[in-house]
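To be precise, the following lines are work.pdb, and they hold PDB, C-alpha atoms.
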ATOM      1  CA  TRP A 110       1.104  -4.336 -31.469  1.00  0.00           C
ATOM      2  CA  SER A 111       1.567  -4.397 -35.188  1.00  0.00           C
ATOM      3  CA  VAL A 112       4.770  -5.148 -37.078  1.00  0.00           C
ATOM      4  CA  THR A 113       5.490  -1.400 -37.354  1.00  0.00           C
ATOM      5  CA  GLY A 114       5.450  -0.942 -33.594  1.00  0.00           C
ATOM      6  CA  VAL A 115       2.182   0.972 -33.660  1.00  0.00           C
ATOM      7  CA  GLN A 116      -0.520  -0.433 -31.456  1.00  0.00           C
ATOM      8  CA  THR A 117      -3.528  -1.876 -33.224  1.00  0.00           C
ATOM      9  CA  CYS A 118      -5.971  -1.865 -30.367  1.00  0.00           C
ATOM     10  CA  ALA A 119      -8.795  -4.271 -29.870  1.00  0.00           C
ATOM     11  CA  LEU A 120     -10.022  -4.965 -26.385  1.00  0.00           C
ATOM     12  CA  PRO A 121     -10.401  -8.646 -25.557  1.00  0.00           C
ATOM     13  CA  ILE A 122     -13.895  -9.915 -26.213  1.00  0.00           C
ATOM     14  CA  ASP A 123     -14.184 -11.110 -22.608  1.00  0.00           C
ATOM     15  CA  SER A 124     -13.241  -7.737 -21.107  1.00  0.00           C
ATOM     16  CA  ARG A 125     -15.883  -5.753 -19.259  1.00  0.00           C
ATOM     17  CA  HIS A 126     -14.634  -2.845 -21.419  1.00  0.00           C
ATOM     18  CA  ARG A 127     -15.178  -4.667 -24.730  1.00  0.00           C
ATOM     19  CA  THR A 128     -17.705  -2.061 -25.914  1.00  0.00           C
ATOM     20  CA  LEU A 129     -15.202   0.779 -25.566  1.00  0.00           C
ATOM     21  CA  VAL A 130     -12.903   2.057 -28.279  1.00  0.00           C
ATOM     22  CA  CYS A 131      -9.337   3.195 -27.635  1.00  0.00           C
ATOM     23  CA  ALA A 132     -10.242   6.904 -27.741  1.00  0.00           C
ATOM     24  CA  ASP A 133     -12.746   6.420 -24.905  1.00  0.00           C
ATOM     25  CA  CYS A 134      -9.821   6.125 -22.484  1.00  0.00           C
ATOM     26  CA  HIS A 135      -6.907   7.480 -24.534  1.00  0.00           C
ATOM     27  CA  ALA A 136      -7.757  11.038 -25.529  1.00  0.00           C
ATOM     28  CA  GLY A 137      -6.289  11.944 -28.888  1.00  0.00           C
ATOM     29  CA  TYR A 138      -5.793   8.345 -29.930  1.00  0.00           C
ATOM     30  CA  ASN A 139      -7.891   8.811 -33.064  1.00  0.00           C
ATOM     31  CA  ASP A 140      -6.507  12.263 -33.903  1.00  0.00           C
ATOM     32  CA  GLY A 141      -4.188  10.933 -36.538  1.00  0.00           C
ATOM     33  CA  TYR A 142      -2.598   7.950 -38.065  1.00  0.00           C
ATOM     34  CA  PRO A 143      -0.574   6.037 -37.160  1.00  0.00           C
ATOM     35  CA  HIS A 144      -1.999   5.722 -33.677  1.00  0.00           C
ATOM     36  CA  VAL A 145       0.837   6.012 -31.202  1.00  0.00           C
ATOM     37  CA  ALA A 146      -0.392   4.717 -27.877  1.00  0.00           C
ATOM     38  CA  VAL A 147       2.360   6.356 -25.816  1.00  0.00           C
ATOM     39  CA  ALA A 148       1.322   9.789 -27.079  1.00  0.00           C
ATOM     40  CA  ALA A 149      -2.274   9.277 -25.959  1.00  0.00           C
ATOM     41  CA  VAL A 150      -3.205  10.399 -22.478  1.00  0.00           C
ATOM     42  CA  SER A 151      -5.219   7.918 -20.419  1.00  0.00           C
ATOM     43  CA  ARG A 152      -8.422   8.983 -18.719  1.00  0.00           C
ATOM     44  CA  GLN A 153      -8.703   8.155 -15.069  1.00  0.00           C
ATOM     45  CA  CYS A 154     -10.907   5.141 -14.307  1.00  0.00           C
ATOM     46  CA  GLN A 155     -12.986   7.306 -11.973  1.00  0.00           C
ATOM     47  CA  SER A 156     -14.210   9.375 -14.893  1.00  0.00           C
ATOM     48  CA  CYS A 157     -16.611   6.459 -15.517  1.00  0.00           C
ATOM     49  CA  HIS A 158     -16.429   4.718 -12.144  1.00  0.00           C
ATOM     50  CA  GLU A 159     -17.095   7.735  -9.921  1.00  0.00           C
ATOM     51  CA  ASP A 160     -18.200   5.951  -6.744  1.00  0.00           C
ATOM     52  CA  GLN A 161     -15.240   3.560  -6.763  1.00  0.00           C
ATOM     53  CA  GLY A 162     -12.833   6.413  -7.507  1.00  0.00           C
ATOM     54  CA  ALA A 163     -14.217   8.528  -4.669  1.00  0.00           C
ATOM     55  CA  ALA A 164     -13.957   5.567  -2.283  1.00  0.00           C
ATOM     56  CA  TYR A 165     -10.356   4.901  -3.344  1.00  0.00           C
ATOM     57  CA  HIS A 166      -9.389   8.540  -2.787  1.00  0.00           C
ATOM     58  CA  ARG A 167     -10.721   8.308   0.784  1.00  0.00           C
ATOM     59  CA  SER A 168      -8.756   5.089   1.404  1.00  0.00           C
ATOM     60  CA  ILE A 169      -5.315   4.603   2.897  1.00  0.00           C
ATOM     61  CA  HIS A 170      -4.024   3.471  -0.508  1.00  0.00           C
ATOM     62  CA  ALA A 171      -4.468   6.812  -2.307  1.00  0.00           C
ATOM     63  CA  PRO A 172      -2.104   8.918  -0.171  1.00  0.00           C
ATOM     64  CA  ASN A 173       0.443   6.110  -0.186  1.00  0.00           C
ATOM     65  CA  PHE A 174       0.318   5.994  -3.966  1.00  0.00           C
ATOM     66  CA  ASP A 175       0.613   9.781  -4.220  1.00  0.00           C
ATOM     67  CA  ALA A 176       3.517   9.937  -1.746  1.00  0.00           C
ATOM     68  CA  LYS A 177       5.528   6.836  -2.653  1.00  0.00           C
ATOM     69  CA  GLY A 178       3.901   5.305  -5.704  1.00  0.00           C
ATOM     70  CA  ASP A 179       3.829   1.864  -4.128  1.00  0.00           C
ATOM     71  CA  ALA A 180       0.138   1.438  -3.357  1.00  0.00           C
ATOM     72  CA  PRO A 181      -2.278  -0.344  -5.672  1.00  0.00           C
ATOM     73  CA  THR A 182      -4.315   1.519  -8.240  1.00  0.00           C
ATOM     74  CA  CYS A 183      -7.323   0.480 -10.301  1.00  0.00           C
ATOM     75  CA  VAL A 184      -5.042  -1.142 -12.876  1.00  0.00           C
ATOM     76  CA  SER A 185      -3.107  -3.032 -10.172  1.00  0.00           C
ATOM     77  CA  CYS A 186      -6.208  -4.980  -9.235  1.00  0.00           C
ATOM     78  CA  HIS A 187      -8.344  -4.874 -12.370  1.00  0.00           C
ATOM     79  CA  SER A 188      -5.864  -4.593 -15.270  1.00  0.00           C
ATOM     80  CA  SER A 189      -6.213  -1.930 -17.918  1.00  0.00           C
ATOM     81  CA  HIS A 190      -7.542  -3.640 -21.010  1.00  0.00           C
ATOM     82  CA  ARG A 191      -8.673  -7.106 -20.007  1.00  0.00           C
ATOM     83  CA  VAL A 192     -10.938  -6.143 -17.151  1.00  0.00           C
ATOM     84  CA  LEU A 193     -12.748  -9.248 -15.980  1.00  0.00           C
ATOM     85  CA  GLY A 194     -15.645  -9.303 -13.555  1.00  0.00           C
ATOM     86  CA  SER A 195     -15.322 -10.719 -10.067  1.00  0.00           C
ATOM     87  CA  ASP A 196     -17.590 -13.547 -11.235  1.00  0.00           C
ATOM     88  CA  ASP A 197     -14.922 -14.712 -13.728  1.00  0.00           C
ATOM     89  CA  SER A 198     -12.489 -17.250 -12.240  1.00  0.00           C
ATOM     90  CA  ARG A 199      -9.629 -15.728 -14.274  1.00  0.00           C
ATOM     91  CA  SER A 200     -10.095 -12.330 -12.640  1.00  0.00           C
ATOM     92  CA  PRO A 201      -7.779 -11.237  -9.815  1.00  0.00           C
ATOM     93  CA  THR A 202     -10.946 -10.064  -8.019  1.00  0.00           C
ATOM     94  CA  TYR A 203     -12.645 -13.482  -8.201  1.00  0.00           C
ATOM     95  CA  PRO A 204     -13.154 -14.651  -4.596  1.00  0.00           C
ATOM     96  CA  LEU A 205     -10.656 -17.521  -4.825  1.00  0.00           C
ATOM     97  CA  ASN A 206      -7.995 -15.070  -6.079  1.00  0.00           C
ATOM     98  CA  VAL A 207      -8.482 -12.099  -3.743  1.00  0.00           C
ATOM     99  CA  ALA A 208      -6.107 -13.257  -0.973  1.00  0.00           C
ATOM    100  CA  ARG A 209      -3.369 -13.746  -3.577  1.00  0.00           C
ATOM    101  CA  LEU A 210      -4.117 -10.312  -5.047  1.00  0.00           C
ATOM    102  CA  CYS A 211      -3.995  -8.517  -1.694  1.00  0.00           C
ATOM    103  CA  GLY A 212      -1.045 -10.653  -0.622  1.00  0.00           C
ATOM    104  CA  SER A 213       0.895  -9.537  -3.685  1.00  0.00           C
ATOM    105  CA  CYS A 214       1.592  -6.380  -1.662  1.00  0.00           C
ATOM    106  CA  HIS A 215       0.668  -7.259   1.911  1.00  0.00           C
ATOM    107  CA  ASP A 216       3.000 -10.268   1.996  1.00  0.00           C
ATOM    108  CA  LYS A 217       6.022  -8.187   0.943  1.00  0.00           C
ATOM    109  CA  ARG A 218       8.418  -7.414   3.759  1.00  0.00           C
ATOM    110  CA  HIS A 219       9.333  -3.964   2.403  1.00  0.00           C
ATOM    111  CA  ILE A 220       5.645  -2.968   2.306  1.00  0.00           C
ATOM    112  CA  LEU A 221       5.060  -4.274   5.832  1.00  0.00           C
ATOM    113  CA  ASP A 222       8.194  -2.508   7.106  1.00  0.00           C
ATOM    114  CA  ALA A 223       7.279   0.760   5.396  1.00  0.00           C
ATOM    115  CA  TYR A 224       3.689   0.998   6.581  1.00  0.00           C
ATOM    116  CA  PHE A 225       3.239  -1.025   9.742  1.00  0.00           C
ATOM    117  CA  ASP A 226       5.057   0.118  12.884  1.00  0.00           C
ATOM    118  CA  ALA A 227       4.068  -2.994  14.732  1.00  0.00           C
ATOM    119  CA  PRO A 228       5.779  -6.044  16.187  1.00  0.00           C
ATOM    120  CA  ALA A 229       6.463  -8.956  13.826  1.00  0.00           C
ATOM    121  CA  ASP A 230       3.595 -10.981  15.283  1.00  0.00           C
ATOM    122  CA  SER A 231       0.977  -8.202  15.101  1.00  0.00           C
ATOM    123  CA  THR A 232      -2.211  -8.634  13.097  1.00  0.00           C
ATOM    124  CA  ALA A 233      -1.100  -5.897  10.695  1.00  0.00           C
ATOM    125  CA  ARG A 234       1.957  -7.934   9.723  1.00  0.00           C
ATOM    126  CA  THR A 235       0.339 -11.374   9.702  1.00  0.00           C
ATOM    127  CA  ALA A 236      -3.077 -10.567   8.214  1.00  0.00           C
ATOM    128  CA  VAL A 237      -2.624 -12.430   4.921  1.00  0.00           C
ATOM    129  CA  ARG A 238      -1.179 -15.521   6.601  1.00  0.00           C
ATOM    130  CA  ASP A 239      -3.850 -15.390   9.297  1.00  0.00           C
ATOM    131  CA  PHE A 240      -6.617 -15.027   6.707  1.00  0.00           C
ATOM    132  CA  ARG A 241      -5.404 -18.093   4.813  1.00  0.00           C
ATOM    133  CA  ARG A 242      -5.605 -20.105   8.063  1.00  0.00           C
ATOM    134  CA  SER A 243      -8.974 -18.679   9.111  1.00  0.00           C
ATOM    135  CA  ALA A 244     -12.385 -20.299   8.640  1.00  0.00           C
ATOM    136  CA  HIS A 245     -13.027 -17.917   5.735  1.00  0.00           C
ATOM    137  CA  GLY A 246      -9.653 -18.549   4.086  1.00  0.00           C
ATOM    138  CA  LEU A 247      -9.943 -22.318   4.426  1.00  0.00           C
ATOM    139  CA  ALA A 248     -13.503 -22.253   3.105  1.00  0.00           C
ATOM    140  CA  LEU A 249     -12.192 -20.505  -0.007  1.00  0.00           C
ATOM    141  CA  SER A 250      -8.935 -22.376  -0.570  1.00  0.00           C
ATOM    142  CA  GLN A 251      -9.848 -25.888   0.545  1.00  0.00           C
ATOM    143  CA  ALA A 252     -13.590 -26.085   0.007  1.00  0.00           C
ATOM    144  CA  GLY A 253     -13.795 -23.661  -2.923  1.00  0.00           C
ATOM    145  CA  LEU A 254     -16.703 -21.817  -1.315  1.00  0.00           C
ATOM    146  CA  THR A 255     -16.752 -18.603  -3.300  1.00  0.00           C
ATOM    147  CA  VAL A 256     -19.448 -17.240  -0.973  1.00  0.00           C
ATOM    148  CA  SER A 257     -16.954 -17.108   1.882  1.00  0.00           C
ATOM    149  CA  ALA A 258     -15.647 -13.701   2.932  1.00  0.00           C
ATOM    150  CA  THR A 259     -12.517 -12.401   1.249  1.00  0.00           C
ATOM    151  CA  CYS A 260     -10.253  -9.474   2.163  1.00  0.00           C
ATOM    152  CA  SER A 261     -12.426  -7.039   0.225  1.00  0.00           C
ATOM    153  CA  ASP A 262     -15.661  -8.230   1.834  1.00  0.00           C
ATOM    154  CA  CYS A 263     -14.500  -7.073   5.252  1.00  0.00           C
ATOM    155  CA  HIS A 264     -12.141  -4.235   4.326  1.00  0.00           C
ATOM    156  CA  ASP A 265     -14.180  -2.779   1.434  1.00  0.00           C
ATOM    157  CA  ALA A 266     -12.564  -3.234  -1.933  1.00  0.00           C
ATOM    158  CA  HIS A 267     -11.983   0.435  -2.710  1.00  0.00           C
ATOM    159  CA  ARG A 268     -12.175   2.360   0.560  1.00  0.00           C
ATOM    160  CA  VAL A 269      -9.654   0.530   2.709  1.00  0.00           C
ATOM    161  CA  LEU A 270      -9.337   2.297   6.056  1.00  0.00           C
ATOM    162  CA  PRO A 271      -7.392   1.467   9.209  1.00  0.00           C
ATOM    163  CA  PRO A 272      -9.483  -0.204  11.923  1.00  0.00           C
ATOM    164  CA  ASP A 273      -9.100   2.778  14.267  1.00  0.00           C
ATOM    165  CA  SER A 274     -11.019   4.982  11.801  1.00  0.00           C
ATOM    166  CA  THR A 275     -14.681   5.217  12.807  1.00  0.00           C
ATOM    167  CA  GLU A 276     -15.518   4.965   9.084  1.00  0.00           C
ATOM    168  CA  SER A 277     -13.682   1.651   8.726  1.00  0.00           C
ATOM    169  CA  SER A 278     -15.793  -1.437   8.214  1.00  0.00           C
ATOM    170  CA  LEU A 279     -13.474  -3.106  10.745  1.00  0.00           C
ATOM    171  CA  ASN A 280     -13.912  -0.504  13.481  1.00  0.00           C
ATOM    172  CA  ARG A 281     -15.600  -1.885  16.592  1.00  0.00           C
ATOM    173  CA  VAL A 282     -18.702   0.229  16.013  1.00  0.00           C
ATOM    174  CA  ASN A 283     -19.131  -1.212  12.485  1.00  0.00           C
ATOM    175  CA  VAL A 284     -18.224  -4.877  12.980  1.00  0.00           C
ATOM    176  CA  LYS A 285     -21.842  -5.863  13.636  1.00  0.00           C
ATOM    177  CA  GLU A 286     -22.880  -4.550  10.212  1.00  0.00           C
ATOM    178  CA  THR A 287     -19.779  -5.878   8.451  1.00  0.00           C
ATOM    179  CA  CYS A 288     -20.116  -9.416   9.775  1.00  0.00           C
ATOM    180  CA  GLY A 289     -23.917  -9.172   9.702  1.00  0.00           C
ATOM    181  CA  ALA A 290     -23.815  -8.720   5.942  1.00  0.00           C
ATOM    182  CA  CYS A 291     -23.205 -12.487   5.737  1.00  0.00           C
ATOM    183  CA  HIS A 292     -23.963 -13.783   9.220  1.00  0.00           C
ATOM    184  CA  ALA A 293     -27.582 -13.306  10.308  1.00  0.00           C
ATOM    185  CA  GLY A 294     -28.121 -12.629  14.003  1.00  0.00           C
ATOM    186  CA  VAL A 295     -24.651 -11.275  14.765  1.00  0.00           C
TER     187      VAL A 295
END
Just give me the structure as structure tokens.
Amino acid sequence: WSVTGVQTCALPIDSRHRTLVCADCHAGYNDGYPHVAVAAVSRQCQSCHEDQGAAYHRSIHAPNFDAKGDAPTCVSCHSSHRVLGSDDSRSPTYPLNVARLCGSCHDKRHILDAYFDAPADSTARTAVRDFRRSAHGLALSQAGLTVSATCSDCHDAHRVLPPDSTESSLNRVNVKETCGACHAGV
């Protein structure tokens, strides 16, 4: 922001969006001066990232966001301006950071109470804690093995579905392929 309160936009040089200009996402941003960011309408991420947007809209997060506004969006996980790749250790989507990112919602009691009608010791309510104690979680947190599976490797980063959905990567019929993506001979 400048001294006058008008945003002087420059995307961080390390952002995956560094080649974009403000008007690429904020329609009308360049229609006059001074540029008032709050007057500019943001484009949806899916206008460029169609596959990820389509997957998100088929996930359990999209209806929860539409109904209650408490589910993650693209910006929740990727940020809006400083979008870093999952190969960047500063990114929330870097393998060592994914459990913390997912846990930022899935460790909250009000989220668990709102969406999981299950006993306190059920997998739905203990998934983040259980992951951290699992072979995959320990490989990430204690050994720093960034090749170990994270939440998004098994659940799909954008199309998160409940395990009882036949389209879910965690459904019994799909577990062989999900685990087989990393484990040969499953």
Exercise. For the atom pair CA of Ile169 (chain A) and CA of Leu270 (chain A), what is the interatomic distance in Å to one decimal place?
Worked result: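 Here the two named atoms are 5.6 Å from each other.
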Problem set entry | Length of the CA of Ala132 (chain A) to CA of Arg152 (chain A) vector [Å] |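 A separation of 9.4 Å between them.
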Exercise. Of the residues A:Val269, A:Val207, A:Ile220, A:Leu129, which is the one nearest to Ala164 (chain A), using all atoms listed in the file?
Worked result: A:Val269
Can you build me a table of region 144-254 of chain A residues sitting at most 12 Å from region 260-264 of chain A, with the closest atom pair per residue and its distance in Å to one decimal, using all atoms listed in the file, sorted by chain and residue number, as a Markdown table?
| residue | atom | partner | partner_atom | distance |
| --- | --- | --- | --- | --- |
| A:Ala164 | CA | A:His264 | CA | 12.0 |
| A:Ser168 | CA | A:His264 | CA | 10.3 |
| A:Ile169 | CA | A:His264 | CA | 11.3 |
| A:Cys186 | CA | A:Ser261 | CA | 11.5 |
| A:Ser195 | CA | A:Ser261 | CA | 11.3 |
| A:Pro201 | CA | A:Ser261 | CA | 11.8 |
| A:Thr202 | CA | A:Ser261 | CA | 8.9 |
| A:Tyr203 | CA | A:Ser261 | CA | 10.6 |
| A:Pro204 | CA | A:Cys260 | CA | 9.0 |
| A:Leu205 | CA | A:Cys260 | CA | 10.7 |
| A:Asn206 | CA | A:Cys260 | CA | 10.2 |
| A:Val207 | CA | A:Cys260 | CA | 6.7 |
| A:Ala208 | CA | A:Cys260 | CA | 6.4 |
| A:Arg209 | CA | A:Cys260 | CA | 9.9 |
| A:Leu210 | CA | A:Cys260 | CA | 9.5 |
| A:Cys211 | CA | A:Cys260 | CA | 7.4 |
| A:Gly212 | CA | A:Cys260 | CA | 9.7 |
| A:His215 | CA | A:Cys260 | CA | 11.1 |
| A:Ala236 | CA | A:Cys260 | CA | 9.5 |
| A:Val237 | CA | A:Cys260 | CA | 8.6 |
| A:Arg238 | CA | A:Cys260 | CA | 11.8 |
| A:Asp239 | CA | A:Cys260 | CA | 11.3 |
| A:Phe240 | CA | A:Cys260 | CA | 8.0 |
| A:Arg241 | CA | A:Cys260 | CA | 10.2 |
| A:Ser243 | CA | A:Cys260 | CA | 11.6 |
| A:His245 | CA | A:Cys260 | CA | 9.6 |
| A:Gly246 | CA | A:Cys260 | CA | 9.3 |
| A:Leu249 | CA | A:Cys260 | CA | 11.4 |
For this session: Write out as a PyMOL selection string the residues lying within 8 Å of region 122-124 of chain A, counting only C-alpha atoms and excluding same-chain residues fewer than 6 positions away.
Result: chain A and resi 190-193
Exercise. Using all atoms listed in the file, which of A:His126, A:Arg199, A:Lys285, A:Arg234 sits nearest Cys157 (chain A)?
Worked result: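 Residue with the minimum atom-to-atom distance to Cys157 (chain A): A:His126.
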Residues within 10 Å of His267 (chain A), please, as a compact mmCIF listing (two decimals) with C-alpha atoms, keeping the file's coordinate frame. Count only C-alpha atoms; anything in the same chain fewer than 4 positions from it doesn't count.
# COMPACT_ATOMS: atom_id res chain seq x y z
CA ASP A 160 -18.20 5.95 -6.74
CA GLN A 161 -15.24 3.56 -6.76
CA GLY A 162 -12.83 6.41 -7.51
CA ALA A 163 -14.22 8.53 -4.67
CA ALA A 164 -13.96 5.57 -2.28
CA TYR A 165 -10.36 4.90 -3.34
CA HIS A 166 -9.39 8.54 -2.79
CA ARG A 167 -10.72 8.31 0.78
CA SER A 168 -8.76 5.09 1.40
CA ILE A 169 -5.32 4.60 2.90
CA HIS A 170 -4.02 3.47 -0.51
CA ALA A 171 -4.47 6.81 -2.31
CA THR A 182 -4.32 1.52 -8.24
CA CYS A 183 -7.32 0.48 -10.30
CA SER A 261 -12.43 -7.04 0.22
Exercise. Mind pulling up the distance from CA of Ser278 (chain A) to CA of Asp175 (chain A)?
Worked result: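 One can read the CA of Asp175 (chain A) to CA of Ser278 (chain A) distance as 23.4 Å.
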For this session: Counting all atoms listed in the file, write as a PyMOL selection string all protein and nucleic acid residues lying at most 12 Å from (-10.3, 11.3, -18.6) in the file's frame.
Result: chain A and resi 132-137+149-159
